[in-house]
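Visitor: Quick one: this structure, given as structure tokens, is what I'll be asking you about.
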Amino acid sequence: MMKAELIEKEEVRNYKFLDAPKDEVTVEANKLNGAVRLGNEFKSKAYITFQTDQGPKKIETTVWSVTDKFLQIKNGVLIPLKS
């Protein structure tokens, strides 16, 4: 599991996303859908960890939506699932 630096969600745009090592990509549809449900129904936040050009980063945020390739957070920011 990657050890990630916690950053503010507003800082996500400052980083370039990289593909995470294959053995660390643990994106599961049920977890992603659960994160969306947390935000939409319970107004709760989820921790999202992703790989960047400056190392692994983590944010605590509301997940607005999930597609087959991205998850969307506030202000239309898209985080690639493979990162």
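Chain identifiers are assigned as A, B, and so on, following the order in which chains appear in the structure tokens; residues are numbered from 1 within each chain, and ligands are numbered from 1 in order of appearance.
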Show me, as a short mmCIF file (atom, residue, chain, number, x, y, z; two decimals) with C-alpha atoms, in the first residue's frame, the residues that have an atom within 12 Å of Asn14 (chain A) when counting only C-alpha atoms, minus same-chain residues fewer than 3 positions from it.
Guide:
```cif
data_model
loop_
_atom_site.label_atom_id
_atom_site.label_comp_id
_atom_site.auth_asym_id
_atom_site.auth_seq_id
_atom_site.Cartn_x
_atom_site.Cartn_y
_atom_site.Cartn_z
CA ILE A 7 -2.95 17.40 0.71
CA GLU A 8 -5.91 19.77 0.40
CA LYS A 9 -8.35 18.82 -2.37
CA GLU A 10 -7.89 22.28 -3.89
CA GLU A 11 -4.22 21.40 -4.53
CA PHE A 17 -1.19 12.18 -12.41
CA THR A 52 1.54 11.94 -8.96
CA ASP A 53 4.81 13.18 -10.43
CA GLN A 54 5.68 14.27 -6.87
CA LYS A 57 -0.88 12.00 -2.48
CA VAL A 77 -11.65 17.84 -11.04
#
```
Visitor: I need the residues of chain A that end up classed as strand (DSSP E or B) by DSSP on the backbone, written out as a list of chain:residue names.
Guide: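 Residues of chain A classed as strand (DSSP E or B): A:Glu5, A:Leu6, A:Phe17, A:Ala46, A:Tyr47, A:Ile48, A:Thr49, A:Phe50, A:Gln51, A:Thr52, A:Asp53, A:Gly55, A:Pro56, A:Lys57, A:Lys58, A:Ile59, A:Glu60, A:Thr61, A:Ser65, A:Val66, A:Phe70, A:Leu71, A:Gln72, A:Leu78, A:Ile79, A:Pro80.
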Visitor: Looking at only C-alpha atoms, which of A:Val12, A:Ile79, A:Phe50, A:Val63 is the one that sits closest to Lys31 (chain A)?
Guide: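 Under the stated criterion, the closest residue is A:Val63.
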Visitor: Please identify all polymer residues within 12 Å of Asn33 (chain A), counting only C-alpha atoms, omitting same-chain residues fewer than 6 positions from it, and present them as a short mmCIF file (atom, residue, chain, number, x, y, z; two decimals) with all heavy atoms, in the first residue's frame.
Guide:
```cif
data_model
loop_
_atom_site.label_atom_id
_atom_site.label_comp_id
_atom_site.auth_asym_id
_atom_site.auth_seq_id
_atom_site.Cartn_x
_atom_site.Cartn_y
_atom_site.Cartn_z
N VAL A 27 -8.61 -0.37 -7.26
CA VAL A 27 -9.88 0.30 -7.46
C VAL A 27 -10.97 -0.76 -7.61
O VAL A 27 -10.91 -1.60 -8.49
CB VAL A 27 -9.83 1.20 -8.72
CG1 VAL A 27 -11.18 1.85 -8.94
CG2 VAL A 27 -8.74 2.24 -8.58
N GLY A 39 -21.06 10.57 -0.13
CA GLY A 39 -21.19 12.01 -0.35
C GLY A 39 -22.61 12.44 -0.66
O GLY A 39 -23.10 13.42 -0.10
N ASN A 40 -23.28 11.71 -1.53
CA ASN A 40 -24.61 12.11 -1.98
C ASN A 40 -25.68 11.91 -0.91
O ASN A 40 -26.54 12.76 -0.73
CB ASN A 40 -25.01 11.35 -3.25
CG ASN A 40 -24.17 11.77 -4.44
OD1 ASN A 40 -23.60 12.85 -4.46
ND2 ASN A 40 -24.09 10.91 -5.42
N GLU A 41 -25.64 10.79 -0.23
CA GLU A 41 -26.70 10.48 0.72
C GLU A 41 -26.38 10.87 2.16
O GLU A 41 -27.26 11.23 2.92
CB GLU A 41 -27.03 8.98 0.68
CG GLU A 41 -27.62 8.55 -0.65
CD GLU A 41 -27.93 7.06 -0.69
OE1 GLU A 41 -28.24 6.48 0.37
OE2 GLU A 41 -27.83 6.48 -1.78
N ALA A 46 -14.61 10.81 1.73
CA ALA A 46 -13.81 9.60 1.60
C ALA A 46 -12.35 10.01 1.40
O ALA A 46 -12.06 11.11 0.93
CB ALA A 46 -14.29 8.78 0.41
N THR A 62 -15.42 14.79 -0.95
CA THR A 62 -16.66 14.18 -1.40
C THR A 62 -16.46 13.73 -2.84
O THR A 62 -15.98 14.50 -3.67
CB THR A 62 -17.81 15.20 -1.34
OG1 THR A 62 -17.95 15.65 0.01
CG2 THR A 62 -19.12 14.61 -1.82
N VAL A 63 -16.78 12.49 -3.13
CA VAL A 63 -16.71 11.97 -4.50
C VAL A 63 -18.06 12.24 -5.15
O VAL A 63 -19.09 11.78 -4.68
CB VAL A 63 -16.38 10.46 -4.51
CG1 VAL A 63 -16.37 9.93 -5.95
CG2 VAL A 63 -15.04 10.20 -3.84
N TRP A 64 -18.05 13.02 -6.23
CA TRP A 64 -19.30 13.41 -6.87
C TRP A 64 -19.82 12.35 -7.82
O TRP A 64 -21.01 12.10 -7.89
CB TRP A 64 -19.12 14.73 -7.60
CG TRP A 64 -19.06 15.90 -6.65
CD1 TRP A 64 -18.57 15.89 -5.38
CD2 TRP A 64 -19.51 17.21 -6.89
NE1 TRP A 64 -18.68 17.14 -4.82
CE2 TRP A 64 -19.26 17.98 -5.74
CE3 TRP A 64 -20.09 17.85 -7.98
CZ2 TRP A 64 -19.58 19.31 -5.64
CZ3 TRP A 64 -20.40 19.19 -7.87
CH2 TRP A 64 -20.16 19.91 -6.71
N SER A 65 -18.89 11.75 -8.60
CA SER A 65 -19.32 10.72 -9.54
C SER A 65 -18.13 9.86 -9.93
O SER A 65 -16.98 10.23 -9.72
CB SER A 65 -19.96 11.34 -10.79
OG SER A 65 -19.00 12.07 -11.52
N VAL A 66 -18.45 8.70 -10.53
CA VAL A 66 -17.42 7.76 -10.97
C VAL A 66 -17.80 7.27 -12.36
O VAL A 66 -18.96 6.94 -12.62
CB VAL A 66 -17.31 6.56 -10.01
CG1 VAL A 66 -16.32 5.54 -10.53
CG2 VAL A 66 -16.92 7.01 -8.62
N THR A 67 -16.79 7.23 -13.26
CA THR A 67 -16.99 6.61 -14.58
C THR A 67 -16.06 5.41 -14.64
O THR A 67 -15.42 5.07 -13.64
CB THR A 67 -16.64 7.59 -15.72
OG1 THR A 67 -15.23 7.84 -15.72
CG2 THR A 67 -17.41 8.90 -15.59
N ASP A 68 -15.94 4.80 -15.81
CA ASP A 68 -15.05 3.64 -15.92
C ASP A 68 -13.57 4.05 -15.88
O ASP A 68 -12.71 3.21 -15.66
CB ASP A 68 -15.36 2.83 -17.17
CG ASP A 68 -15.24 3.64 -18.44
OD1 ASP A 68 -15.33 4.88 -18.41
OD2 ASP A 68 -15.06 3.01 -19.51
N LEU A 71 -12.72 9.40 -11.38
CA LEU A 71 -13.66 9.80 -10.35
C LEU A 71 -13.64 11.32 -10.33
O LEU A 71 -12.61 11.94 -10.59
CB LEU A 71 -13.38 9.17 -8.99
CG LEU A 71 -12.13 9.50 -8.20
CD1 LEU A 71 -12.32 10.77 -7.41
CD2 LEU A 71 -11.86 8.37 -7.24
N GLN A 72 -14.79 11.91 -10.07
CA GLN A 72 -14.91 13.36 -10.10
C GLN A 72 -15.13 13.88 -8.70
O GLN A 72 -15.94 13.35 -7.94
CB GLN A 72 -16.07 13.79 -10.99
CG GLN A 72 -16.23 15.30 -11.06
CD GLN A 72 -17.39 15.73 -11.93
OE1 GLN A 72 -18.19 14.93 -12.39
NE2 GLN A 72 -17.50 17.03 -12.14
#
```
Visitor: Between CA of Leu78 (chain A) and CA of Val36 (chain A), what is the spacing in Å?
Guide: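 Rounded to one decimal, the two atoms are 13.7 Å apart.
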Visitor: So, with only C-alpha atoms as the atoms that count, which of A:Asn75, A:Ser83, A:Ser44, A:Thr49 lies closest to Lys22 (chain A)?
Guide: A:Ser83
Visitor: List every residue of chain A that DSSP, applied to the backbone of this structure, places in helix (DSSP H, G or I), and write the result as number ranges by chain.
Guide: A: 9-14, 22-24, 29-42, 74-76
Visitor: CA of Lys43 (chain A) and CA of Lys3 (chain A), how far apart in Å?
Guide: 26.3 Å
Visitor: May I ask for the distance between CA of Phe42 (chain A) and CA of Tyr15 (chain A), given in Å to one decimal place?
Guide: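 Pair CA of Phe42 (chain A) / CA of Tyr15 (chain A) returns 29.0 Å.
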Visitor: My list of candidates is A:Pro21, A:Phe70, A:Tyr47, A:Lys58. Which is closest to Gly34 (chain A) when distances are computed with only C-alpha atoms?
Guide: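 Residue with the minimum atom-to-atom distance to Gly34 (chain A): A:Tyr47.
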